[in-house]
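Pasting structure34.cif here (mmCIF, C-alpha atoms):
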data_work
#
loop_
_atom_site.label_atom_id
_atom_site.label_comp_id
_atom_site.auth_asym_id
_atom_site.auth_seq_id
_atom_site.Cartn_x
_atom_site.Cartn_y
_atom_site.Cartn_z
CA MET A 362 -77.95 -16.55 -50.55
CA ARG A 363 -75.43 -16.10 -53.31
CA TYR A 364 -73.98 -13.06 -51.55
CA VAL A 365 -73.73 -14.87 -48.25
CA LEU A 366 -71.88 -17.70 -49.93
CA LEU A 367 -69.63 -15.27 -51.75
CA ILE A 368 -68.75 -13.39 -48.57
CA LEU A 369 -68.09 -16.67 -46.77
CA LEU A 370 -65.85 -17.94 -49.54
CA THR A 371 -63.83 -14.73 -49.71
CA MET A 372 -63.40 -14.80 -45.94
CA VAL A 373 -62.20 -18.39 -46.03
CA ALA A 374 -59.82 -17.49 -48.85
CA VAL A 375 -58.49 -14.46 -46.94
CA VAL A 376 -57.92 -16.42 -43.71
CA PHE A 377 -56.28 -19.23 -45.65
CA GLY A 378 -54.13 -16.80 -47.60
CA ILE A 379 -52.89 -15.08 -44.45
CA ALA A 380 -52.56 -18.06 -42.11
CA GLY A 381 -51.39 -20.68 -44.60
CA LEU A 382 -51.25 -24.43 -44.19
CA ARG A 383 -50.32 -26.30 -41.04
CA GLY A 384 -46.58 -26.84 -40.81
CA HIS A 385 -45.47 -24.04 -43.12
CA LEU A 386 -42.10 -22.62 -42.11
CA SER A 387 -42.39 -19.46 -40.06
CA ARG A 388 -39.88 -17.13 -38.44
CA LYS A 389 -42.36 -15.99 -35.81
CA PRO A 390 -42.44 -17.68 -32.39
CA PRO A 391 -45.60 -19.67 -31.56
CA VAL A 392 -48.41 -17.58 -30.13
CA GLU A 393 -49.26 -18.31 -26.50
CA ILE A 394 -52.59 -16.81 -25.56
CA ILE A 395 -52.42 -17.06 -21.75
CA PRO A 396 -48.75 -17.77 -21.01
CA ASP A 397 -48.73 -17.29 -17.22
CA MET A 398 -48.61 -21.01 -16.36
CA ASN A 399 -46.46 -21.92 -19.34
CA ARG A 400 -43.70 -19.47 -18.52
CA GLN A 401 -43.14 -19.40 -14.78
CA PHE A 402 -40.64 -17.47 -12.69
CA LYS A 403 -37.98 -20.10 -12.56
CA LEU A 404 -34.51 -20.40 -13.98
CA ARG A 405 -34.00 -22.78 -16.86
CA PRO A 406 -30.55 -23.95 -17.96
CA GLU A 407 -28.64 -21.99 -20.60
CA ALA A 408 -31.00 -19.04 -20.58
CA ALA A 409 -30.38 -15.34 -20.16
CA ASP A 410 -31.50 -13.94 -16.84
CA ASN A 411 -30.24 -11.10 -14.69
CA PHE A 412 -30.57 -13.01 -11.40
CA PHE A 413 -26.84 -13.71 -11.48
CA ALA A 414 -24.30 -10.98 -12.12
CA ASN A 415 -23.12 -12.38 -15.46
CA ASP A 416 -26.70 -12.71 -16.84
CA HIS A 417 -26.52 -16.50 -17.33
CA THR A 418 -28.72 -19.03 -15.59
CA SER A 419 -26.08 -21.78 -15.93
CA GLN A 420 -23.25 -21.01 -13.52
CA LEU A 421 -19.86 -22.57 -12.99
CA PRO A 422 -19.41 -24.08 -9.52
CA PRO A 423 -17.59 -21.65 -7.19
CA PRO A 424 -13.86 -22.39 -6.95
CA GLY A 425 -13.00 -25.07 -4.41
CA THR A 426 -16.37 -26.82 -4.46
CA ILE A 427 -16.40 -30.56 -4.89
CA PRO A 428 -19.32 -32.19 -6.67
CA ARG A 429 -21.11 -34.87 -4.70
CA SER A 430 -19.99 -37.96 -6.50
CA ARG A 431 -19.21 -41.62 -6.41
CA PRO A 432 -15.61 -42.80 -6.47
CA ILE A 433 -14.16 -44.30 -9.65
CA GLN A 434 -13.17 -47.96 -9.17
CA THR A 435 -9.54 -48.22 -10.27
CA LEU A 436 -7.04 -51.07 -10.05
CA SER A 437 -5.64 -49.50 -6.88
CA GLY A 438 -8.99 -48.99 -5.16
CA PRO A 439 -11.72 -46.35 -5.26
CA VAL A 440 -10.66 -42.78 -6.14
CA TYR A 441 -12.71 -39.60 -5.73
CA PRO A 442 -12.64 -36.95 -8.50
CA TYR A 443 -10.77 -34.42 -6.34
CA GLU A 444 -7.87 -36.72 -5.43
CA ASP A 445 -4.43 -36.31 -6.94
CA ALA A 446 -4.38 -39.77 -8.47
CA PRO A 447 -3.29 -41.07 -11.89
CA VAL A 448 -6.87 -41.70 -12.94
CA ASN A 449 -7.70 -38.00 -12.53
CA THR A 450 -4.51 -36.40 -13.81
CA GLY A 451 -2.68 -38.92 -15.98
CA PHE A 452 0.41 -38.40 -13.81
CA ILE A 453 1.97 -40.69 -11.24
CA THR A 454 0.91 -39.16 -7.91
CA GLY A 455 3.18 -36.32 -6.81
CA THR A 456 5.30 -36.33 -9.98
CA THR A 457 5.01 -35.05 -13.54
CA ASN A 458 5.71 -38.47 -15.03
CA PHE A 459 2.90 -39.97 -17.07
CA VAL A 460 1.39 -43.24 -15.91
CA ALA A 461 2.37 -46.03 -18.28
CA THR A 462 -0.83 -48.06 -18.25
CA ASN A 463 -4.55 -47.63 -17.82
CA PRO A 464 -5.52 -47.29 -14.13
CA LEU A 465 -8.96 -48.77 -14.85
CA PRO A 466 -9.47 -52.52 -15.17
CA VAL A 467 -9.70 -53.16 -18.93
CA THR A 468 -12.77 -55.31 -19.45
CA PRO A 469 -14.87 -56.04 -22.55
CA ALA A 470 -17.45 -53.61 -21.15
CA LEU A 471 -14.83 -50.84 -20.92
CA LEU A 472 -13.70 -51.51 -24.48
CA GLN A 473 -17.28 -51.35 -25.68
CA GLN A 474 -17.77 -48.05 -23.86
CA GLY A 475 -14.49 -46.83 -25.33
CA ARG A 476 -15.58 -47.74 -28.83
CA GLU A 477 -18.85 -45.87 -28.45
CA GLN A 478 -17.13 -42.75 -27.13
CA PHE A 479 -14.31 -42.95 -29.69
CA GLU A 480 -16.85 -43.07 -32.50
CA ILE A 481 -18.62 -40.02 -31.13
CA PHE A 482 -15.66 -37.80 -30.30
CA CYS A 483 -12.63 -38.94 -32.29
CA THR A 484 -13.83 -40.37 -35.63
CA PRO A 485 -14.67 -37.01 -37.25
CA CYS A 486 -10.94 -36.28 -37.38
CA HIS A 487 -9.00 -39.48 -36.66
CA GLY A 488 -11.33 -41.80 -38.61
CA ALA A 489 -13.07 -44.95 -37.41
CA LEU A 490 -9.78 -46.88 -37.66
CA GLY A 491 -7.75 -44.21 -35.93
CA ASP A 492 -5.54 -43.85 -38.98
CA GLY A 493 -6.06 -40.11 -39.26
CA ASN A 494 -8.32 -40.40 -42.30
CA GLY A 495 -11.48 -38.92 -40.82
CA ILE A 496 -14.06 -37.06 -42.84
CA THR A 497 -12.34 -33.72 -42.22
CA LYS A 498 -9.17 -35.02 -43.86
CA LYS A 499 -11.12 -36.58 -46.73
CA LEU A 500 -12.76 -33.22 -47.41
CA GLY A 501 -9.32 -31.67 -47.33
CA VAL A 502 -10.27 -29.10 -44.72
CA MET A 503 -7.95 -30.41 -41.99
CA PRO A 504 -4.67 -31.67 -43.38
CA SER A 505 -2.57 -32.48 -40.31
CA VAL A 506 -4.54 -34.96 -38.20
CA ALA A 507 -2.31 -37.41 -36.33
CA ASN A 508 -2.33 -41.09 -37.30
CA LEU A 509 -2.89 -42.96 -34.03
CA HIS A 510 -0.94 -45.97 -35.41
CA ASP A 511 2.20 -43.89 -35.64
CA PRO A 512 4.96 -45.77 -33.70
CA ARG A 513 5.50 -42.66 -31.58
CA ILE A 514 1.90 -42.78 -30.34
CA VAL A 515 1.92 -46.58 -29.99
CA ASP A 516 4.89 -46.25 -27.63
CA MET A 517 3.41 -43.28 -25.80
CA ALA A 518 2.41 -43.73 -22.15
CA ASP A 519 -1.35 -43.98 -21.57
CA GLY A 520 -1.07 -40.98 -19.27
CA GLU A 521 0.26 -38.81 -22.08
CA ILE A 522 -2.68 -39.69 -24.34
CA PHE A 523 -4.94 -38.89 -21.39
CA ASN A 524 -3.24 -35.54 -21.15
CA THR A 525 -3.71 -34.92 -24.89
CA ILE A 526 -7.44 -35.69 -24.69
CA THR A 527 -7.91 -33.60 -21.55
CA HIS A 528 -5.98 -30.50 -22.56
CA GLY A 529 -5.55 -30.87 -26.31
CA LYS A 530 -2.26 -30.59 -28.12
CA ASN A 531 -1.10 -28.12 -30.77
CA LEU A 532 -3.95 -28.06 -33.30
CA MET A 533 -6.17 -30.54 -31.44
CA GLY A 534 -8.67 -28.98 -29.05
CA ALA A 535 -9.28 -30.02 -25.43
CA TYR A 536 -11.84 -32.76 -24.81
CA GLY A 537 -11.61 -32.56 -21.02
CA PRO A 538 -14.72 -30.37 -20.74
CA THR A 539 -16.92 -32.68 -22.82
CA VAL A 540 -15.60 -36.21 -22.20
CA PRO A 541 -15.80 -37.43 -18.55
CA VAL A 542 -12.71 -39.01 -16.95
CA GLN A 543 -13.94 -42.60 -17.14
CA ASP A 544 -14.84 -42.25 -20.81
CA ARG A 545 -11.36 -40.87 -21.53
CA TRP A 546 -9.71 -43.98 -20.09
CA ALA A 547 -12.20 -46.15 -21.95
CA ILE A 548 -11.23 -44.37 -25.19
CA ILE A 549 -7.55 -44.98 -24.46
CA ALA A 550 -8.19 -48.69 -23.89
CA TYR A 551 -10.03 -48.81 -27.21
CA VAL A 552 -7.24 -46.92 -29.01
CA ARG A 553 -4.80 -49.55 -27.68
CA ALA A 554 -7.07 -52.28 -29.04
CA LEU A 555 -7.16 -50.53 -32.43
CA GLN A 556 -3.39 -50.28 -32.46
CA LEU A 557 -3.05 -53.99 -31.64
CA SER A 558 -5.42 -54.92 -34.43
CA TRP A 559 -3.38 -52.77 -36.81
CA LEU A 560 0.11 -53.88 -35.80
CA GLY A 561 -0.69 -57.43 -34.78
CA SER A 562 0.07 -60.40 -36.98
CA THR A 563 -1.48 -63.85 -37.17
CA ASN A 564 1.45 -65.07 -35.07
CA ASP A 565 -0.15 -63.39 -32.05
CA LEU A 566 -3.15 -65.70 -32.29
CA PRO A 567 -3.34 -68.89 -30.22
CA PRO A 568 -2.29 -71.91 -32.35
CA ASP A 569 -5.78 -73.34 -32.78
CA LEU A 570 -7.18 -70.04 -34.11
CA ARG A 571 -4.16 -69.67 -36.39
CA ALA A 572 -4.79 -73.12 -37.80
CA ALA A 573 -8.41 -72.20 -38.43
CA LEU A 574 -7.33 -69.20 -40.52
CA LYS A 575 -5.20 -71.32 -42.84
CA MET B 366 -105.05 -5.20 -46.16
CA PRO B 367 -101.59 -4.39 -47.51
CA VAL B 368 -98.89 -7.00 -47.31
CA ILE B 369 -96.46 -6.07 -44.53
CA PHE B 370 -93.88 -8.71 -45.27
CA PRO B 371 -93.15 -9.46 -48.93
CA LYS B 372 -93.32 -13.06 -50.00
CA TRP B 373 -89.55 -13.69 -49.98
CA THR B 374 -89.40 -13.14 -46.24
CA ASN B 375 -91.00 -16.56 -45.88
CA GLN B 376 -87.54 -17.96 -46.66
CA LEU B 377 -85.78 -15.69 -44.21
CA PRO B 378 -85.66 -18.01 -41.18
CA PHE B 379 -84.28 -20.74 -43.40
CA LEU B 380 -81.67 -18.39 -44.87
CA ILE B 381 -80.58 -17.16 -41.46
CA ALA B 382 -80.32 -20.71 -40.15
CA ALA B 383 -78.36 -21.83 -43.19
CA GLY B 384 -76.07 -18.80 -43.00
CA LEU B 385 -75.40 -19.31 -39.32
CA ALA B 386 -74.76 -23.01 -39.85
CA LEU B 387 -72.31 -22.25 -42.64
CA ALA B 388 -70.56 -19.50 -40.70
CA GLY B 389 -70.48 -21.65 -37.57
CA GLY B 390 -69.12 -24.55 -39.55
CA ALA B 391 -66.44 -22.38 -41.08
CA VAL B 392 -65.41 -20.93 -37.72
CA THR B 393 -65.32 -24.38 -36.11
CA ALA B 394 -63.27 -25.74 -38.96
CA GLY B 395 -60.93 -22.76 -38.74
CA VAL B 396 -60.47 -23.10 -34.98
CA THR B 397 -59.79 -26.83 -35.10
CA TYR B 398 -57.36 -26.35 -37.95
CA TYR B 399 -55.52 -23.31 -36.67
CA PHE B 400 -55.92 -23.07 -32.87
CA THR B 401 -53.62 -25.96 -32.10
CA PRO B 402 -49.88 -26.41 -31.62
CA LYS B 403 -49.96 -28.51 -34.78
CA TYR B 404 -50.35 -25.17 -36.52
CA SER B 405 -48.77 -22.69 -34.11
CA ARG B 406 -45.58 -24.62 -33.29
CA VAL B 407 -44.87 -26.89 -36.23
CA GLY B 408 -42.68 -25.15 -38.77
CA TYR B 409 -41.23 -22.61 -36.31
CA GLU B 410 -37.81 -21.82 -37.73
CA PRO B 411 -36.23 -18.78 -36.09
CA ILE B 412 -33.28 -16.95 -37.61
CA GLN B 413 -30.18 -18.11 -35.73
CA PRO B 414 -27.25 -15.77 -35.01
CA VAL B 415 -24.85 -18.12 -36.82
CA PRO B 416 -25.99 -19.95 -39.98
CA PHE B 417 -25.11 -23.33 -38.47
CA SER B 418 -26.27 -26.26 -40.59
CA HIS B 419 -27.10 -29.70 -39.19
CA ALA B 420 -27.26 -30.99 -42.77
CA VAL B 421 -23.55 -30.17 -43.18
CA HIS B 422 -22.34 -31.29 -39.74
CA ALA B 423 -24.61 -34.19 -38.76
CA GLY B 424 -25.52 -35.23 -42.31
CA GLN B 425 -22.52 -34.66 -44.56
CA LEU B 426 -19.76 -34.95 -41.94
CA GLY B 427 -21.67 -37.75 -40.18
CA MET B 428 -21.01 -36.34 -36.71
CA ASP B 429 -22.87 -37.98 -33.86
CA CYS B 430 -25.40 -35.75 -32.10
CA ARG B 431 -23.61 -36.39 -28.81
CA TYR B 432 -20.39 -34.76 -30.03
CA CYS B 433 -22.18 -31.47 -29.49
CA HIS B 434 -25.28 -32.34 -27.44
CA THR B 435 -23.13 -34.13 -24.85
CA THR B 436 -25.58 -34.12 -21.95
CA VAL B 437 -28.50 -35.58 -23.88
CA GLU B 438 -28.08 -39.10 -22.52
CA LYS B 439 -27.01 -38.06 -19.03
CA SER B 440 -29.46 -35.38 -17.92
CA TRP B 441 -32.99 -34.15 -18.48
CA PHE B 442 -31.63 -31.29 -20.46
CA SER B 443 -29.92 -31.37 -23.85
CA ASN B 444 -27.20 -28.74 -24.02
CA ILE B 445 -26.29 -26.49 -26.92
CA PRO B 446 -22.52 -26.75 -27.52
CA SER B 447 -20.21 -24.00 -26.37
CA ALA B 448 -18.18 -22.08 -28.92
CA SER B 449 -15.02 -23.95 -27.94
CA THR B 450 -16.64 -27.15 -29.26
CA CYS B 451 -16.99 -25.49 -32.65
CA MET B 452 -13.42 -24.20 -32.47
CA ASN B 453 -12.07 -27.77 -32.24
CA CYS B 454 -12.52 -27.80 -35.99
CA HIS B 455 -13.06 -24.19 -36.92
CA ASN B 456 -9.63 -23.20 -35.65
CA GLN B 457 -8.57 -24.75 -38.96
CA VAL B 458 -11.74 -25.10 -41.07
CA LEU B 459 -13.12 -21.80 -42.48
CA LYS B 460 -10.69 -20.06 -40.18
CA ASP B 461 -11.45 -16.54 -41.39
CA ASP B 462 -15.00 -17.01 -42.66
CA PRO B 463 -17.21 -14.01 -41.74
CA ARG B 464 -20.15 -16.34 -40.99
CA LEU B 465 -18.18 -17.70 -38.04
CA ALA B 466 -17.10 -14.33 -36.63
CA LEU B 467 -19.51 -14.64 -33.69
CA VAL B 468 -18.19 -18.12 -32.82
CA ARG B 469 -14.58 -16.93 -32.71
CA GLU B 470 -15.58 -13.93 -30.65
CA SER B 471 -17.50 -16.09 -28.19
CA ALA B 472 -14.61 -18.55 -27.87
CA THR B 473 -12.22 -15.75 -26.93
CA ASN B 474 -14.38 -13.61 -24.64
CA GLY B 475 -16.70 -16.28 -23.22
CA VAL B 476 -19.95 -14.49 -24.00
CA PRO B 477 -22.38 -17.19 -25.19
CA ILE B 478 -23.78 -17.16 -28.71
CA PRO B 479 -27.44 -16.11 -28.41
CA TRP B 480 -29.00 -19.19 -30.09
CA VAL B 481 -32.78 -19.01 -30.27
CA GLN B 482 -34.52 -21.92 -28.54
CA ILE B 483 -36.98 -23.73 -30.78
CA HIS B 484 -38.46 -26.62 -28.82
CA ARG B 485 -39.80 -25.80 -25.41
CA VAL B 486 -42.47 -27.52 -23.37
CA PRO B 487 -44.49 -25.44 -20.88
CA ASP B 488 -42.88 -25.03 -17.47
CA TYR B 489 -45.56 -27.15 -15.78
CA VAL B 490 -44.44 -30.19 -17.80
CA TYR B 491 -41.53 -32.31 -16.65
CA PHE B 492 -39.57 -33.62 -19.60
CA ASN B 493 -36.42 -35.72 -19.53
CA HIS B 494 -34.08 -36.51 -22.41
CA SER B 495 -31.90 -39.20 -20.84
CA VAL B 496 -34.78 -41.51 -19.95
CA HIS B 497 -35.93 -41.50 -23.59
CA VAL B 498 -32.51 -41.72 -25.24
CA ARG B 499 -31.42 -44.51 -22.86
CA ARG B 500 -34.59 -46.47 -23.61
CA GLY B 501 -34.09 -46.56 -27.36
CA ILE B 502 -36.31 -43.61 -28.29
CA SER B 503 -34.61 -41.81 -31.16
CA CYS B 504 -34.29 -38.05 -31.54
CA VAL B 505 -36.16 -38.41 -34.82
CA GLU B 506 -39.46 -39.26 -33.06
CA CYS B 507 -39.63 -35.80 -31.48
CA HIS B 508 -37.33 -33.63 -33.62
CA GLY B 509 -37.68 -35.07 -37.13
CA ARG B 510 -34.82 -35.46 -39.60
CA VAL B 511 -32.56 -32.82 -38.05
CA ASP B 512 -29.62 -34.26 -39.99
CA GLN B 513 -31.26 -33.10 -43.23
CA MET B 514 -32.16 -29.59 -42.06
CA ASP B 515 -30.04 -26.59 -42.86
CA GLU B 516 -31.95 -24.69 -40.22
CA VAL B 517 -33.71 -26.60 -37.45
CA HIS B 518 -37.47 -26.23 -37.40
CA HIS B 519 -40.19 -27.59 -35.12
CA VAL B 520 -41.50 -30.82 -36.65
CA GLN B 521 -43.76 -32.42 -34.04
CA SER B 522 -46.49 -30.62 -32.12
CA LEU B 523 -45.16 -31.79 -28.69
CA THR B 524 -48.67 -31.66 -27.29
CA MET B 525 -49.85 -33.94 -24.52
CA ALA B 526 -51.65 -36.07 -27.10
CA PHE B 527 -48.38 -36.50 -28.98
CA CYS B 528 -46.51 -37.62 -25.84
CA LEU B 529 -49.29 -39.98 -24.78
CA ASN B 530 -49.55 -41.52 -28.22
CA CYS B 531 -46.14 -43.05 -27.62
CA HIS B 532 -46.43 -43.58 -23.86
CA ARG B 533 -49.49 -45.76 -24.46
CA ASP B 534 -47.51 -48.06 -26.74
CA PRO B 535 -43.73 -47.53 -26.65
CA ALA B 536 -43.18 -50.85 -28.47
CA ALA B 537 -44.18 -49.24 -31.75
CA PHE B 538 -41.31 -46.69 -31.54
CA ILE B 539 -38.49 -48.30 -29.59
CA ARG B 540 -35.25 -49.20 -31.38
CA PRO B 541 -31.80 -50.58 -30.44
CA GLU B 542 -30.03 -48.15 -28.12
CA SER B 543 -27.01 -47.83 -30.41
CA LYS B 544 -29.21 -46.52 -33.26
CA VAL B 545 -30.80 -43.67 -31.32
CA THR B 546 -28.66 -40.94 -32.90
CA ASP B 547 -28.73 -42.57 -36.34
CA LEU B 548 -31.81 -40.72 -37.53
CA GLY B 549 -32.18 -42.39 -40.91
CA TRP B 550 -31.93 -45.89 -39.48
CA GLN B 551 -34.66 -48.43 -40.14
CA TRP B 552 -35.00 -52.15 -39.45
CA ASN B 553 -35.09 -52.98 -43.12
CA THR B 554 -35.31 -51.11 -46.42
CA ASN B 555 -38.51 -53.01 -47.18
CA ALA B 556 -41.35 -51.23 -45.30
CA ASP B 557 -43.37 -54.40 -44.65
CA VAL B 558 -40.42 -56.34 -43.26
CA ALA B 559 -39.44 -53.31 -41.17
CA ALA B 560 -42.93 -53.04 -39.66
CA GLU B 561 -42.89 -56.72 -38.80
CA MET B 562 -39.46 -56.49 -37.18
CA GLN B 563 -40.55 -53.40 -35.24
CA ALA B 564 -43.54 -55.34 -33.93
CA THR B 565 -41.56 -58.38 -32.76
CA ASN B 566 -38.44 -56.57 -31.53
CA GLY B 567 -40.43 -53.70 -29.99
CA VAL B 568 -42.33 -56.10 -27.74
CA LYS B 569 -39.08 -57.88 -26.91
CA PHE B 570 -37.22 -54.65 -25.96
CA VAL B 571 -40.14 -53.41 -23.87
CA HIS B 572 -40.10 -56.71 -22.01
CA ASP B 573 -36.31 -57.06 -21.65
CA TRP B 574 -35.64 -53.48 -20.60
CA ARG B 575 -38.80 -53.37 -18.45
CA VAL B 576 -40.03 -50.26 -20.24
CA GLN B 577 -43.13 -48.91 -18.57
CA SER B 578 -46.14 -47.40 -20.25
CA LEU B 579 -46.31 -44.15 -18.26
CA GLN B 580 -49.78 -42.60 -18.41
CA ASN B 581 -50.42 -41.30 -14.92
CA CYS B 582 -50.45 -37.54 -14.65
CA SER B 583 -47.60 -37.42 -12.12
CA ALA B 584 -45.15 -38.82 -14.67
CA CYS B 585 -45.12 -35.53 -16.54
CA HIS B 586 -46.82 -33.08 -14.17
CA ARG B 587 -44.89 -33.18 -10.91
#
Here is the file; what I need is its structure written in the form of structure tokens.
Amino acid sequence: MRYVLLILLTMVAVVFGIAGLRGHLSRKPPVEIIPDMNRQFKLRPEAADNFFANDHTSQLPPPGTIPRSRPIQTLSGPVYPYEDAPVNTGFITGTTNFVATNPLPVTPALLQQGREQFEIFCTPCHGALGDGNGITKKLGVMPSVANLHDPRIVDMADGEIFNTITHGKNLMGAYGPTVPVQDRWAIIAYVRALQLSWLGSTNDLPPDLRAALK
Amino acid sequence: MPVIFPKWTNQLPFLIAAGLALAGGAVTAGVTYYFTPKYSRVGYEPIQPVPFSHAVHAGQLGMDCRYCHTTVEKSWFSNIPSASTCMNCHNQVLKDDPRLALVRESATNGVPIPWVQIHRVPDYVYFNHSVHVRRGISCVECHGRVDQMDEVHHVQSLTMAFCLNCHRDPAAFIRPESKVTDLGWQWNTNADVAAEMQATNGVKFVHDWRVQSLQNCSACHR
């Protein structure tokens, strides 16, 4: 009996020593004993597969295709993503002049959306206040981030800011690929609100609110 | 008449039974402990081609998950950022660092960085990120404290039992939608108060947002 127990204990110790505790960090992929249903012959996004010539499963749409989509509701009516309209390009149709103001109706909901998107995409560099003091500046790794309250940017046409977000400018990268068109205009509306809150004075308030402040 | 079986053999059946019971017990215990995704998946931490750290980017820099994982609230699939997303900063930060050589290369020639996928449900399971993220289910419930990990590892088992545990009672996990990517967020620093607020607000959110308790097979196997 003693031997049986001894053998059992050593075996338990050996298994435990090799296999370890649940949840220990391991470089090896999980074992799948019968993987035929788990891993089927179908393409998953962002994987490597030689079905397409460039070995990617995620493909760019062929040139000239138009995604099935809903129009964006602008102040001058609905606009589809393929149209040459200010909301898509930032330019006045048919010219290379930037549109002066936001083509979307600026509502509290749009500002809220703009705030959310600004805090995701712009705060790391421009800071939550837009003053250019984001975390990258504080760490000293990115010295030349623009201050969005600079008079030059306050006076800038909305279309030019749209262009900066879409294509980037000098050291700032392009956010066109990651931020959808509507979110870009929402961000611009929010940036305008930030600028107002920065440059505004109590004289801009209606008289009753001003009295309440005093 | 000589004794064929010595006296100790009287105990033999008992010994065999006891031995088998012990061995059987040990094997059963071993199988339940080890033959489960709680063992095989949890802790999986592959070596990534670039030593990218969520603790630095999401934790220290405080970047929102959606800066990189942009599709997570719009589609079933959560993307891995392209190299150009990294180059927004790394065209200036650590510009010549050898650890980022692959990122710079990928940004110029367009060949994707071969990141190793960690979380993956079987192909017969339908999973969807946006429905969870849009209903106030935080990344932390399924991925753990990614913002504290230098290298991402598998934290939850992602078995059917794990999914159903929440689908039976989403109220116990749901949180305000704006806090979904704030992994360290809690209702209150006091655990008791937090549990109470989760109970009252959870029921309220489930009611207001009409969150369903999805348990029929076709929700996930379609």
For CA of Arg533 (chain B) and CA of Val437 (chain B), quote the distance in Å rounded to one decimal.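 Separating CA of Arg533 (chain B) from CA of Val437 (chain B) is a distance of 23.3 Å.
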Which polymer residues have any atom within 6 Å of an atom of region 396-408 of chain B, counting all atoms listed in the file, with same-chain residues fewer than 5 positions away left out, as a list in words?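 In the requested format, the answer is Arg383, Gly384, His385, Leu386, Ser387 and Pro391 of chain A; His518, His519, Val520 and Ser522 of chain B.
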Store the residues of this selection in a file with C-alpha atoms, as a short mmCIF file (atom, residue, chain, number, x, y, z; two decimals), keeping the file's coordinate frame.
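The result, stored in again14.cif:
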data_model
loop_
_atom_site.label_atom_id
_atom_site.label_comp_id
_atom_site.auth_asym_id
_atom_site.auth_seq_id
_atom_site.Cartn_x
_atom_site.Cartn_y
_atom_site.Cartn_z
CA ARG A 383 -50.32 -26.30 -41.04
CA GLY A 384 -46.58 -26.84 -40.81
CA HIS A 385 -45.47 -24.04 -43.12
CA LEU A 386 -42.10 -22.62 -42.11
CA SER A 387 -42.39 -19.46 -40.06
CA PRO A 391 -45.60 -19.67 -31.56
CA HIS B 518 -37.47 -26.23 -37.40
CA HIS B 519 -40.19 -27.59 -35.12
CA VAL B 520 -41.50 -30.82 -36.65
CA SER B 522 -46.49 -30.62 -32.12
#
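Picked out by the PyMOL selection byres ((chain A) within 7 of (chain B)) when it runs on this file: Val365, Arg383, Gly384, His385, Leu386, Ser387, Arg388, Lys389, Pro390, Pro391, Val392, Met398, Asn399, Arg400, Gln401, Ile481, Phe482, Pro485, Ile496, Val502, Met503, Met533, Gly534 and Thr539 of chain A.
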Mind listing whatever residues come within 7 Å of the point (-0.3, -41.0, -6.0)? Use all atoms listed in the file, file coordinates, and give them as a ChimeraX atom specification. /A:445-447,453-455
Can you report as JSON the centre and edge lengths in Å, to one decimal, of an axis-aligned box around the listed atoms of region 554-565 of chain A padded with 4 Å on each side?
{"center_x": -2.9, "center_y": -57.7, "center_z": -33.1, "size_x": 16.6, "size_y": 22.8, "size_z": 16.1}
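As for CA of Pro422 (chain A) and CA of Pro538 (chain A), they are spaced 13.7 Å apart.
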So how many Å separate CA of Ile514 (chain A) and CA of Gly537 (chain A), to one decimal?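 Going from CA of Ile514 (chain A) over to CA of Gly537 (chain A) covers 19.3 Å.
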Residues matched by the PyMOL selection byres ((chain A and resi 506) around 6), written as a compact mmCIF listing (two decimals) with C-alpha atoms, in the frame of the given file:
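The result, stored in result.txt:
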# COMPACT_ATOMS: atom_id res chain seq x y z
CA GLY A 493 -6.06 -40.11 -39.26
CA SER A 505 -2.57 -32.48 -40.31
CA ALA A 507 -2.31 -37.41 -36.33
Result set, the PyMOL selection byres ((chain A and resi 429-438) around 6) on current file, as a ChimeraX atom specification: /A:428,439-441,464-466
List the spatial neighbours of Ala547 (chain A) as a short mmCIF file (atom, residue, chain, number, x, y, z; two decimals) with C-alpha atoms, keeping the file's coordinate frame - criterion: any atom at most 12 Å away, only C-alpha atoms, same-chain residues fewer than 6 positions off excluded.
data_model
loop_
_atom_site.label_atom_id
_atom_site.label_comp_id
_atom_site.auth_asym_id
_atom_site.auth_seq_id
_atom_site.Cartn_x
_atom_site.Cartn_y
_atom_site.Cartn_z
CA VAL A 448 -6.87 -41.70 -12.94
CA ASN A 463 -4.55 -47.63 -17.82
CA PRO A 464 -5.52 -47.29 -14.13
CA LEU A 465 -8.96 -48.77 -14.85
CA PRO A 466 -9.47 -52.52 -15.17
CA VAL A 467 -9.70 -53.16 -18.93
CA THR A 468 -12.77 -55.31 -19.45
CA PRO A 469 -14.87 -56.04 -22.55
CA ALA A 470 -17.45 -53.61 -21.15
CA LEU A 471 -14.83 -50.84 -20.92
CA LEU A 472 -13.70 -51.51 -24.48
CA GLN A 473 -17.28 -51.35 -25.68
CA GLN A 474 -17.77 -48.05 -23.86
CA GLY A 475 -14.49 -46.83 -25.33
CA ARG A 476 -15.58 -47.74 -28.83
CA GLU A 477 -18.85 -45.87 -28.45
CA GLN A 478 -17.13 -42.75 -27.13
CA PHE A 479 -14.31 -42.95 -29.69
CA GLU A 480 -16.85 -43.07 -32.50
CA ASP A 519 -1.35 -43.98 -21.57
CA ILE A 522 -2.68 -39.69 -24.34
CA PHE A 523 -4.94 -38.89 -21.39
CA ILE A 526 -7.44 -35.69 -24.69
CA VAL A 540 -15.60 -36.21 -22.20
CA PRO A 541 -15.80 -37.43 -18.55
CA ARG A 553 -4.80 -49.55 -27.68
CA ALA A 554 -7.07 -52.28 -29.04
#
With a distance cut-off of 12 Å and all atoms listed in the file, select the neighbouring residues of Asn581 (chain B), excluding the residue or stretch itself and same-chain residues fewer than 6 positions from it, and output the selection as a PyMOL selection string. chain B and resi 529+532-533+587
